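Accompanying notes for the structure given below.
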Amino acid sequence: MASTLPQDQDRPVTRWTLDEIVATLLDALHTETVSRSSVWRILQDVDLKPHTSAYWLNSHDEDFDAKAHTICQLYAKALAFYQQGRLVVCCDEKTGMQVLERKAPTKPAQPGRRERREHEYIRHGTRVLINSLAVATGQIAWTIGTTRKAPDFVAHLKQAYQSLPRMTRYDWVMDNLNTHWSLDVCRLVARWCKVPFEPHKLKKGPQRRVFLSDPSHRHVFHFTPKHGSWLNQAELFFGVLHRRFLARGSFSSSKACVLRLERFLQDYNARHAHPSRWTYTGEPLVRDTPFSRTRRQQLRGRACFSPRPKRFERLFYSPRPYRRQAA
């Protein structure tokens, strides 16, 4: 019953709880009592958590497997390509970065007390970071502005091309945002590759994407599948940016934010830039591993695997070792 949706059991709710399961069992079995603890014990023994849920997104791109395999092969051979004079670059934008100022200064951590931040804040607008990441080295090139229009992306490509090392060929990996295959981008790539630029043949998006993806060019664009932007390694750097800079930032003005962000990016290139260890090979994602059985959960001891552990196992191997006792 817990492996079905509540509406399939003619229940008015959309989420299972112990009380709802008990009520459904009472109606189905025509019995008088069912213990909530018994239901909880059965669900725990089979590692079933019907009260939790997670989002998933199905890509309807017919060429998903082929595109994913091509991009992953670029990542796997990025270092060898770099030694041969070929550079793999990932481009993406981080939009809507809020410039926030806390109304009271942040109080740093003290012995026995964590860092404390004021809940209320003052907004000083937003900024857009356009980033290009060299897969073989982890080095980044960036532009910071207020918009992400086609001219902004073309300006970023010019700056990134000047910042990145000189190579005989460049493979650019990016998503399907319309600014990535605009007519201005086609004009720039045609000039870089010294090929004829014919606007009358590039009136539609598919024609432009075919032109930018031409393998005979010196600069080749590889577009991720629809709903497959997670294949772009630039997303990995944005996670680092959020954790180390944005999450606890307090900026007095947009100018101060940009100056500190520039300093952070320069420090990242100088001290932290490194190639990422990409393990996904591009094979179809057909295996669905339960969240509670992932390695992270297992190492932290937050998952209770079936069969149910014996009492002596729970005594010597605490199921929640992340709760440390005070010395």
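Lettering and numbering for the structure tokens are positional, with chains as A, B, ... in the shown order, residues counted from 1 in each chain, and ligands counted from 1 in the shown order.
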
All alpha helix (DSSP H) residues (DSSP, backbone) inside range 74-137 of chain A, as a list in words: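 Residues of range 74-137 of chain A classed as alpha helix (DSSP H): Leu74, Tyr75, Ala76, Ala78, Leu79, Ala80, Phe81, Tyr82 and Gln83 of chain A.
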
Long-range neighbours of Thr179 in chain A as a list in words, 12 Å cut-off, only C-alpha atoms, 2 positions minimum in chain: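 Counting only the stated atoms, we get Cys91, Asp92, Glu93, Ile130, Thr147, Arg148, Lys149, Ala150, Pro151, Asp152, Phe153, Val154, Ala155, His156, Leu157, Met174, Asp175, Asn176, Leu177, Trp181, Ser182, Leu183, Asp184, Val185, Cys186, Gly205, Arg208 and Arg209 of chain A.
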
List every residue of range 153-214 of chain A that DSSP, applied to the backbone of this structure, places in strand (DSSP E), and write the result as an mmCIF file with N, CA and C atoms, in the first residue's frame.
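Full text of result-v3.cif as output:
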```cif
data_model
loop_
_atom_site.group_PDB
_atom_site.id
_atom_site.type_symbol
_atom_site.label_atom_id
_atom_site.label_comp_id
_atom_site.auth_asym_id
_atom_site.auth_seq_id
_atom_site.Cartn_x
_atom_site.Cartn_y
_atom_site.Cartn_z
ATOM 1 N N ARG A 169 42.857 24.311 -31.808
ATOM 2 C CA ARG A 169 41.431 24.038 -31.902
ATOM 3 C C ARG A 169 40.789 24.222 -30.533
ATOM 4 N N TYR A 170 39.518 24.674 -30.555
ATOM 5 C CA TYR A 170 38.768 24.892 -29.324
ATOM 6 C C TYR A 170 37.417 24.186 -29.440
ATOM 7 N N ASP A 171 37.071 23.440 -28.393
ATOM 8 C CA ASP A 171 35.765 22.791 -28.299
ATOM 9 C C ASP A 171 35.002 23.460 -27.165
ATOM 10 N N TRP A 172 33.920 24.165 -27.520
ATOM 11 C CA TRP A 172 33.127 24.900 -26.546
ATOM 12 C C TRP A 172 31.884 24.088 -26.200
ATOM 13 N N VAL A 173 31.688 23.800 -24.915
ATOM 14 C CA VAL A 173 30.518 23.061 -24.426
ATOM 15 C C VAL A 173 29.594 24.050 -23.726
ATOM 16 N N MET A 174 28.325 24.088 -24.127
ATOM 17 C CA MET A 174 27.363 25.013 -23.531
ATOM 18 C C MET A 174 25.951 24.483 -23.733
#
```

Contact residues around Arg244 in chain A with only C-alpha atoms at 12 Å, ignoring same-chain residues under 2 positions, as a ChimeraX atom specification: /A:237-242,246-249,261,264-265,267-268,272

Neighbour list for Val258 in chain A as number ranges by chain, cut-off 10 Å, only C-alpha atoms, skip fewer than 3 positions in-chain: A: 99, 127, 129, 144-145, 251, 253-255, 261-264

Within 10 Å of Lys77 in chain A using only C-alpha atoms, minus same-chain residues under 3 positions, as a PyMOL selection string: chain A and resi 72-74+80-82+88+135-136

How would the residues just chosen look if you wrote them out with all heavy atoms as an mmCIF file, in the first residue's frame?
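Here's the written file result00.cif:
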```
data_model
loop_
_atom_site.group_PDB
_atom_site.id
_atom_site.type_symbol
_atom_site.label_atom_id
_atom_site.label_comp_id
_atom_site.auth_asym_id
_atom_site.auth_seq_id
_atom_site.Cartn_x
_atom_site.Cartn_y
_atom_site.Cartn_z
ATOM 1 N N CYS A 72 30.971 13.654 -22.953
ATOM 2 C CA CYS A 72 31.751 12.907 -21.960
ATOM 3 C C CYS A 72 33.069 12.416 -22.545
ATOM 4 O O CYS A 72 34.080 12.340 -21.837
ATOM 5 C CB CYS A 72 30.933 11.746 -21.417
ATOM 6 S SG CYS A 72 29.550 12.257 -20.376
ATOM 7 N N GLN A 73 33.087 12.089 -23.819
ATOM 8 C CA GLN A 73 34.343 11.701 -24.460
ATOM 9 C C GLN A 73 35.305 12.886 -24.531
ATOM 10 O O GLN A 73 36.521 12.723 -24.395
ATOM 11 C CB GLN A 73 34.063 11.151 -25.859
ATOM 12 C CG GLN A 73 33.435 9.772 -25.869
ATOM 13 C CD GLN A 73 34.307 8.735 -25.193
ATOM 14 O OE1 GLN A 73 35.484 8.584 -25.491
ATOM 15 N NE2 GLN A 73 33.723 8.017 -24.236
ATOM 16 N N LEU A 74 34.769 14.073 -24.728
ATOM 17 C CA LEU A 74 35.626 15.262 -24.698
ATOM 18 C C LEU A 74 36.257 15.425 -23.323
ATOM 19 O O LEU A 74 37.450 15.747 -23.207
ATOM 20 C CB LEU A 74 34.812 16.503 -25.058
ATOM 21 C CG LEU A 74 34.383 16.659 -26.518
ATOM 22 C CD1 LEU A 74 33.488 17.883 -26.665
ATOM 23 C CD2 LEU A 74 35.592 16.792 -27.438
ATOM 24 N N ALA A 80 44.615 14.782 -22.836
ATOM 25 C CA ALA A 80 45.369 14.382 -24.033
ATOM 26 C C ALA A 80 45.189 15.414 -25.138
ATOM 27 O O ALA A 80 46.159 15.753 -25.849
ATOM 28 C CB ALA A 80 44.912 13.000 -24.500
ATOM 29 N N PHE A 81 43.990 15.918 -25.304
ATOM 30 C CA PHE A 81 43.753 16.959 -26.304
ATOM 31 C C PHE A 81 44.575 18.208 -25.989
ATOM 32 O O PHE A 81 45.129 18.847 -26.898
ATOM 33 C CB PHE A 81 42.268 17.321 -26.354
ATOM 34 C CG PHE A 81 41.412 16.288 -27.042
ATOM 35 C CD1 PHE A 81 40.044 16.247 -26.815
ATOM 36 C CD2 PHE A 81 41.964 15.373 -27.913
ATOM 37 C CE1 PHE A 81 39.251 15.310 -27.453
ATOM 38 C CE2 PHE A 81 41.180 14.420 -28.549
ATOM 39 C CZ PHE A 81 39.818 14.394 -28.318
ATOM 40 N N TYR A 82 44.664 18.559 -24.716
ATOM 41 C CA TYR A 82 45.409 19.755 -24.320
ATOM 42 C C TYR A 82 46.883 19.628 -24.697
ATOM 43 O O TYR A 82 47.509 20.602 -25.145
ATOM 44 C CB TYR A 82 45.248 19.967 -22.816
ATOM 45 C CG TYR A 82 45.929 21.197 -22.288
ATOM 46 C CD1 TYR A 82 45.407 22.467 -22.526
ATOM 47 C CD2 TYR A 82 47.102 21.098 -21.532
ATOM 48 C CE1 TYR A 82 46.024 23.598 -22.036
ATOM 49 C CE2 TYR A 82 47.721 22.232 -21.032
ATOM 50 C CZ TYR A 82 47.181 23.484 -21.291
ATOM 51 O OH TYR A 82 47.803 24.600 -20.806
ATOM 52 N N VAL A 88 39.333 22.041 -24.499
ATOM 53 C CA VAL A 88 37.904 21.861 -24.233
ATOM 54 C C VAL A 88 37.493 22.910 -23.200
ATOM 55 O O VAL A 88 38.073 22.982 -22.111
ATOM 56 C CB VAL A 88 37.590 20.445 -23.723
ATOM 57 C CG1 VAL A 88 36.099 20.286 -23.473
ATOM 58 C CG2 VAL A 88 38.081 19.400 -24.717
ATOM 59 N N VAL A 135 38.662 22.684 -19.215
ATOM 60 C CA VAL A 135 38.502 21.387 -18.558
ATOM 61 C C VAL A 135 39.841 20.779 -18.174
ATOM 62 O O VAL A 135 39.982 20.186 -17.102
ATOM 63 C CB VAL A 135 37.715 20.435 -19.475
ATOM 64 C CG1 VAL A 135 37.614 19.042 -18.865
ATOM 65 C CG2 VAL A 135 36.324 20.990 -19.738
ATOM 66 N N ALA A 136 40.863 20.935 -18.997
ATOM 67 C CA ALA A 136 42.149 20.279 -18.754
ATOM 68 C C ALA A 136 42.910 20.889 -17.594
ATOM 69 O O ALA A 136 43.718 20.214 -16.947
ATOM 70 C CB ALA A 136 42.996 20.324 -20.021
#
```

Option closest in space to Ser216 in chain A, from A:His60, A:Arg277, A:Lys194, A:Arg102 [counting only C-alpha atoms]: A:Lys194

Distance criterion (only C-alpha atoms): nearest to Thr52 in chain A out of A:Thr126, A:Thr31, A:Thr17, A:Gln159: A:Thr17

Computed interatomic separation between CA of Glu101 in chain A and CA of Ser250 in chain A (Å): 4.5 Å

Contact residues around His227 in chain A with only C-alpha atoms at 8 Å, ignoring same-chain residues under 3 positions, as a VMD selection string: chain A and resid 57 to 59 230

Any chance you could export the current selection's N, CA, C and O atoms as a PDB file, in the first residue's frame?
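What follows is the written file selection.pdb:
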```pdb
ATOM      1  N   LEU A  57      13.718  14.813 -13.579  1.00  0.00           N
ATOM      2  CA  LEU A  57      13.373  15.477 -14.831  1.00  0.00           C
ATOM      3  C   LEU A  57      13.717  14.567 -15.993  1.00  0.00           C
ATOM      4  O   LEU A  57      14.859  14.114 -16.118  1.00  0.00           O
ATOM      5  N   ASN A  58      12.746  14.294 -16.830  1.00  0.00           N
ATOM      6  CA  ASN A  58      12.933  13.411 -17.973  1.00  0.00           C
ATOM      7  C   ASN A  58      13.256  14.245 -19.202  1.00  0.00           C
ATOM      8  O   ASN A  58      12.514  15.152 -19.564  1.00  0.00           O
ATOM      9  N   SER A  59      14.391  13.958 -19.844  1.00  0.00           N
ATOM     10  CA  SER A  59      14.773  14.678 -21.053  1.00  0.00           C
ATOM     11  C   SER A  59      14.091  14.042 -22.259  1.00  0.00           C
ATOM     12  O   SER A  59      14.129  12.823 -22.441  1.00  0.00           O
ATOM     13  N   TRP A 230      23.335  19.697 -16.757  1.00  0.00           N
ATOM     14  CA  TRP A 230      24.224  19.165 -15.721  1.00  0.00           C
ATOM     15  C   TRP A 230      25.460  18.500 -16.322  1.00  0.00           C
ATOM     16  O   TRP A 230      26.421  18.189 -15.599  1.00  0.00           O
TER      17      TRP A 230
END
```

For CA of Ala68 in chain A and CA of Thr224 in chain A, the interatomic separation in Å (one decimal):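 Here the two named atoms are 7.0 Å from each other.
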